[in-house]
Amino acid sequence: MPINRFNAFSGYGIGIGLRVPHYDQILREKAMVDWFELLSENFLAEGGRQRRVLDRVLEQYRVVLHGVGLYFGSAEPLDRDHLRRIKALVRRTGTPWLSDHLCWGSADGRYSHDLLPMPFTMAAARHTAAKIRQAADFLEVPVSVENISSYAELTFSTMTEWEFLSEVAELADCGILLDVNNVYIVSQNHGFDPHVYLDNIPHERVAQIHIGGHSRLATHILDTHDQPVADPVWKLYGYAIRKLGPTPTLLEWDDRIPPFEEVHREARKANRFLASLAPAQP
Amino acid sequence: MKPERPTASSHLSPRPNLKTVHPNADTVEGLRELQRLFFSAITRPLGPDGRAGGKSAPDLETAALAARLIRPGAKQSPLDRLEIYHRQYWIRLQQAFFEDFPGLWNLLGPERFRGLIEAYLLRYPPDSPLLREVGSHLPRFLREEPDWAAPFPHRLVLDLVRFEWAKIVTFYARELPLPRKEEMTTREIRLFLQPHLVLLDLRYPVERWDPEGSSSAPAGSPIPLSPEPRQIALHRQGETVYHKLLSRESFFLLRSFRKGLSLLEACERTAEKFPDLPPERYHEWLREWSSLGWLTTRTADRSRSFGSKTA
């Protein structure tokens, strides 16, 4: 059951990604949101508006940190300066867990600012897991890794993505942030049954779920987070939580961001799936 | 000999030779080689139609690399798939620069702006996991490659870039504790500038340049600003960044604080340089700067300050 050590047994419900266009509203009026996910790299500034917003959000809401810059899968070591800044943010926010992506994004100290696909091999899994362990030890908070959306499968892979994710999670003894939208996108882009993916990951390690919108192009699906969650993704989400049980769920909406109420309404659709898990009233 | 065109392309990092490099992912070293190859492919300049080398002149080397690294999909070749990441790299970074340097974009226009940023990123690929720091070396790059300012005066473009980068530094920098009142009466006190205060010695009044202007200056257009040397301070009040024109004397004194001189030493140094300055002026400035929160008694740890990459 995904109330587990990877999400600090916190039992969080449905959350929303905190985004700039909504700052004023959610600080002015207390929104009935269970928790907000904060993009770690957006709140590392030591002063100015982001710091003030952070402090005010922390007064009113529960938050969880989600990063894009640790690049656990890069061959190079962790960026210690970045890690130190993240640790200060972990302490400031009291995040019960922290997540980042199962990907690489830097080479020789240069950053792509993208989430690049891993080769699924044991050597890559061992290396990635070792870095996750180092990060978790240093940050002193449970760490989860998120499966990314990808547009390329590397020729060097010797296992499936779900096998790789499972290997990394087991070797690192970390949690999984299961992005159901990404599972769907990858299944469409690379041609497999997404249910097989969901059936074959260690369910007891899933700390959190992401859902979000995508864009279907002529040749592939792009992870755009700029529209409501697509029906096939909702169906897959329903399938996932029937497997996992109630799981902290976060809606991502990062581009063409509508008013807060619309984002919140979209996130609350997850309730109908979560409610179906509740025991029937006598 | 001065090049006719900017030559940033000559600073392309050499792509690993496919014949001698054998990437794999069975070891960490193999993983490193693989990632270097992938990274070198997506950070090459895009072709004219957003493809690697352009549809009309396909980059065979990149296509061969893609085939080595990436499996074909049902509807896409390995090169198609690589190009998704290739385009994303450039679009994301160009967008970041567009947001961080709107005045520069407006001055140069989209085409020249895009060319400048591409050349900059080839010389200085992002070296921080924070996207907001991606422009930190742009002032330095413009000093090194003045031709990118054409057709405008180099110093005008450089001043504008320094001004826009300083706004970013000021927006995000931390605020150190303010001096206590009793400390300000001690002549031996060492005052420092807050990390969110940036001093700029400018030749052009770039603070007047409207980044929201409706159109960029077309090539060969008259220079939009005339030289008007000035010293300004960019500073933050609450969540907002402001700029303030300074006299040469007050600018000199503030710079003395940045050097770590004591209040007495800084005032003496300023008095030597500007012997006609009335003593009461120092008091006025200190009162004003204290009320604006510009001063601190703490030294900023430059290594952890966002403002360390100064304008």
# chains A, B, ... in the order shown; residues from 1 in each chain; ligands from 1
call {"tool": "residues_around", "arguments": {"residues": "region 225-236 of chain A", "least_positions_apart": "3", "cutoff": "10 Å", "atoms": "only C-alpha atoms", "output": "JSON, numbers by chain"}}
result
{"A": [180, 181, 182, 183, 184, 185, 194, 195, 198, 211, 212, 213, 214, 215, 222, 239, 240, 241, 242, 251, 252, 253, 254, 255, 256, 257, 258, 262, 263, 266, 267, 269, 270, 273]}
call {"tool": "write_last_selection", "arguments": {"atoms": "C-alpha atoms", "output": "PDB file, in the first residue's frame"}}
result
ATOM      1  CA  VAL A 180       1.067   7.541 -15.183  1.00  0.00           C
ATOM      2  CA  ASN A 181       0.959  10.051 -18.012  1.00  0.00           C
ATOM      3  CA  ASN A 182       4.588   9.255 -18.805  1.00  0.00           C
ATOM      4  CA  VAL A 183       3.907   5.521 -18.751  1.00  0.00           C
ATOM      5  CA  TYR A 184       1.139   6.097 -21.267  1.00  0.00           C
ATOM      6  CA  ILE A 185       3.292   8.354 -23.472  1.00  0.00           C
ATOM      7  CA  PRO A 194       1.250   0.179 -20.388  1.00  0.00           C
ATOM      8  CA  HIS A 195      -0.541  -2.261 -18.071  1.00  0.00           C
ATOM      9  CA  LEU A 198       2.256  -1.059 -14.093  1.00  0.00           C
ATOM     10  CA  ILE A 211      -0.858  12.808 -13.788  1.00  0.00           C
ATOM     11  CA  GLY A 212      -0.848  15.455 -16.497  1.00  0.00           C
ATOM     12  CA  GLY A 213      -1.837  16.346 -20.022  1.00  0.00           C
ATOM     13  CA  HIS A 214      -0.003  15.565 -23.245  1.00  0.00           C
ATOM     14  CA  SER A 215      -0.115  16.465 -26.932  1.00  0.00           C
ATOM     15  CA  LEU A 222       4.797  14.909 -26.463  1.00  0.00           C
ATOM     16  CA  TYR A 239      -5.853   0.786 -13.097  1.00  0.00           C
ATOM     17  CA  ALA A 240      -2.778   1.943 -11.178  1.00  0.00           C
ATOM     18  CA  ILE A 241      -4.551   2.835  -7.983  1.00  0.00           C
ATOM     19  CA  ARG A 242      -6.544  -0.370  -8.030  1.00  0.00           C
ATOM     20  CA  LEU A 251      -1.628  17.017 -11.198  1.00  0.00           C
ATOM     21  CA  GLU A 252       1.023  18.745 -13.326  1.00  0.00           C
ATOM     22  CA  TRP A 253      -0.041  21.696 -15.487  1.00  0.00           C
ATOM     23  CA  ASP A 254       2.977  23.703 -16.623  1.00  0.00           C
ATOM     24  CA  ASP A 255       2.097  25.449 -19.851  1.00  0.00           C
ATOM     25  CA  ARG A 256      -0.937  27.409 -21.052  1.00  0.00           C
ATOM     26  CA  ILE A 257      -1.922  27.372 -17.402  1.00  0.00           C
ATOM     27  CA  PRO A 258      -5.627  28.059 -16.842  1.00  0.00           C
ATOM     28  CA  GLU A 262      -9.798  24.817 -13.466  1.00  0.00           C
ATOM     29  CA  VAL A 263      -6.550  23.147 -12.478  1.00  0.00           C
ATOM     30  CA  GLU A 266      -9.055  18.693 -13.028  1.00  0.00           C
ATOM     31  CA  ALA A 267      -6.992  17.392 -10.110  1.00  0.00           C
ATOM     32  CA  LYS A 269     -11.232  14.187 -10.872  1.00  0.00           C
ATOM     33  CA  ALA A 270      -8.795  11.766  -9.301  1.00  0.00           C
ATOM     34  CA  PHE A 273     -11.039   6.784  -8.751  1.00  0.00           C
TER      35      PHE A 273
END
call {"tool": "interface_residues", "arguments": {"of": "chain A", "to": "chain B", "cutoff": "9 Å", "atoms": "only C-alpha atoms", "output": "ChimeraX atom specification"}}
result
/A:41-42,44-52,68-70,74-76,79,81-82,104-114,116,119-124,127,151-157,189-191,218-220
call {"tool": "atom_distance", "arguments": {"atom1": "CA of His235 (chain B)", "atom2": "CA of Trp294 (chain B)"}}
result
7.6 Å
call {"tool": "closest_residue", "arguments": {"among": "B:Leu202, B:Leu253, B:Ile117, B:Leu191", "to": "Glu268 (chain B)", "atoms": "only C-alpha atoms"}}
result
B:Leu253
call {"tool": "select_by_dssp", "arguments": {"residues": "region 2-189 of chain A", "states": "alpha helix (DSSP H)", "output": "count of residues only"}}
result
73
call {"tool": "residues_around", "arguments": {"residues": "Glu118 (chain B)", "least_positions_apart": "3", "cutoff": "10 Å", "atoms": "only C-alpha atoms", "output": "NGL selection string"}}
result
:B and (8-9 or 43-46 or 90 or 93-94 or 112-115 or 121-125)
call {"tool": "closest_residue", "arguments": {"among": "A:Phe43, A:Phe72, A:Phe36, A:Trp162", "to": "Val145 (chain A)", "atoms": "only C-alpha atoms"}}
result
A:Phe72
call {"tool": "atom_distance", "arguments": {"atom1": "CA of Glu37 (chain A)", "atom2": "CA of His22 (chain A)"}}
result
13.0 Å
call {"tool": "select_by_dssp", "arguments": {"residues": "region 144-224 of chain B", "states": "strand (DSSP E)", "output": "JSON, numbers by chain"}}
result
{"B": [192, 193, 198, 199, 200, 201, 202]}
call {"tool": "write_last_selection", "arguments": {"atoms": "all heavy atoms", "output": "compact mmCIF listing (two decimals), in the first residue's frame"}}
result
# COMPACT_ATOMS: atom_id res chain seq x y z
N PHE B 192 29.51 46.62 4.01
CA PHE B 192 29.53 45.92 2.72
C PHE B 192 28.20 46.14 2.02
O PHE B 192 27.22 46.53 2.66
CB PHE B 192 29.77 44.42 2.93
CG PHE B 192 31.09 44.12 3.59
CD1 PHE B 192 31.18 43.98 4.97
CD2 PHE B 192 32.24 44.00 2.83
CE1 PHE B 192 32.40 43.73 5.59
CE2 PHE B 192 33.46 43.75 3.44
CZ PHE B 192 33.54 43.61 4.82
N LEU B 193 28.21 45.88 0.75
CA LEU B 193 26.97 46.04 -0.02
C LEU B 193 26.16 44.75 0.05
O LEU B 193 26.71 43.65 0.02
CB LEU B 193 27.29 46.37 -1.47
CG LEU B 193 28.17 47.59 -1.71
CD1 LEU B 193 28.31 47.85 -3.20
CD2 LEU B 193 27.60 48.82 -1.01
N VAL B 198 23.54 45.87 -7.05
CA VAL B 198 24.56 45.77 -8.10
C VAL B 198 24.86 47.18 -8.61
O VAL B 198 23.94 47.94 -8.93
CB VAL B 198 24.08 44.88 -9.27
CG1 VAL B 198 25.15 44.84 -10.37
CG2 VAL B 198 23.79 43.47 -8.79
N LEU B 199 26.13 47.51 -8.66
CA LEU B 199 26.56 48.83 -9.17
C LEU B 199 27.02 48.68 -10.61
O LEU B 199 27.77 47.76 -10.94
CB LEU B 199 27.72 49.36 -8.33
CG LEU B 199 27.44 49.53 -6.84
CD1 LEU B 199 28.72 49.95 -6.12
CD2 LEU B 199 26.34 50.55 -6.60
N LEU B 200 26.58 49.61 -11.44
CA LEU B 200 26.96 49.55 -12.86
C LEU B 200 27.46 50.92 -13.32
O LEU B 200 26.80 51.93 -13.08
CB LEU B 200 25.76 49.15 -13.73
CG LEU B 200 25.25 47.72 -13.61
CD1 LEU B 200 23.99 47.56 -14.46
CD2 LEU B 200 26.30 46.71 -14.02
N ASP B 201 28.61 50.89 -13.96
CA ASP B 201 29.17 52.09 -14.55
C ASP B 201 28.88 51.98 -16.06
O ASP B 201 29.51 51.19 -16.75
CB ASP B 201 30.68 52.11 -14.27
CG ASP B 201 31.29 53.47 -14.56
OD1 ASP B 201 30.55 54.37 -15.03
OD2 ASP B 201 32.49 53.62 -14.33
N LEU B 202 27.94 52.76 -16.54
CA LEU B 202 27.44 52.58 -17.91
C LEU B 202 27.80 53.77 -18.79
O LEU B 202 27.93 54.90 -18.31
CB LEU B 202 25.90 52.44 -17.89
CG LEU B 202 25.34 51.29 -17.06
CD1 LEU B 202 23.82 51.43 -16.94
CD2 LEU B 202 25.71 49.95 -17.67
call {"tool": "atom_distance", "arguments": {"atom1": "CA of Thr270 (chain B)", "atom2": "CA of Ser256 (chain B)"}}
result
8.0 Å
call {"tool": "residues_around", "arguments": {"residues": "Ala172 (chain A)", "least_positions_apart": "4", "cutoff": "9 Å", "atoms": "only C-alpha atoms", "output": "number ranges by chain"}}
result
A: 126, 128-133, 167-168
call {"tool": "write_last_selection", "arguments": {"atoms": "N, CA and C atoms", "output": "compact mmCIF listing (two decimals), in the first residue's frame"}}
result
# COMPACT_ATOMS: atom_id res chain seq x y z
N ARG A 126 23.14 0.32 -11.66
CA ARG A 126 23.97 0.34 -10.45
C ARG A 126 24.53 1.74 -10.19
N THR A 128 23.32 4.64 -11.26
CA THR A 128 22.23 5.55 -10.91
C THR A 128 21.79 5.32 -9.46
N ALA A 129 21.67 4.06 -9.10
CA ALA A 129 21.22 3.73 -7.74
C ALA A 129 22.22 4.24 -6.71
N ALA A 130 23.50 4.12 -7.02
CA ALA A 130 24.51 4.60 -6.06
C ALA A 130 24.37 6.10 -5.84
N LYS A 131 24.08 6.82 -6.91
CA LYS A 131 23.93 8.28 -6.76
C LYS A 131 22.66 8.62 -5.98
N ILE A 132 21.62 7.86 -6.19
CA ILE A 132 20.38 8.12 -5.44
C ILE A 132 20.62 7.88 -3.94
N ARG A 133 21.33 6.80 -3.65
CA ARG A 133 21.66 6.52 -2.24
C ARG A 133 22.47 7.66 -1.63
N GLU A 167 14.93 -2.23 -10.95
CA GLU A 167 16.32 -2.49 -10.52
C GLU A 167 16.87 -1.30 -9.74
N VAL A 168 16.70 -0.13 -10.32
CA VAL A 168 17.24 1.08 -9.68
C VAL A 168 16.60 1.26 -8.31
call {"tool": "closest_residue", "arguments": {"among": "A:Phe138, A:Phe260, A:Phe192, A:Phe164", "to": "Ile26 (chain A)", "atoms": "only C-alpha atoms"}}
result
A:Phe260
call {"tool": "closest_residue", "arguments": {"among": "A:Leu38, A:Ile221, A:Ile3, A:Ala125", "to": "Ala207 (chain A)", "atoms": "only C-alpha atoms"}}
result
A:Ile3
call {"tool": "residues_around", "arguments": {"residues": "Ser276 (chain A)", "least_positions_apart": "4", "cutoff": "10 Å", "atoms": "only C-alpha atoms", "output": "list of chain:residue names"}}
result
A:Gly238, A:Ile241, A:Arg242, A:Pro246, A:Asn271, A:Arg272, A:Ala280
call {"tool": "closest_residue", "arguments": {"among": "A:Gln188, A:Pro117, A:Leu65, A:Tyr23", "to": "Arg216 (chain A)", "atoms": "only C-alpha atoms"}}
result
A:Gln188
call {"tool": "closest_residue", "arguments": {"among": "A:Gln208, A:Ser149, A:Gln25, A:Gln134", "to": "His66 (chain A)", "atoms": "only C-alpha atoms"}}
result
A:Gln208
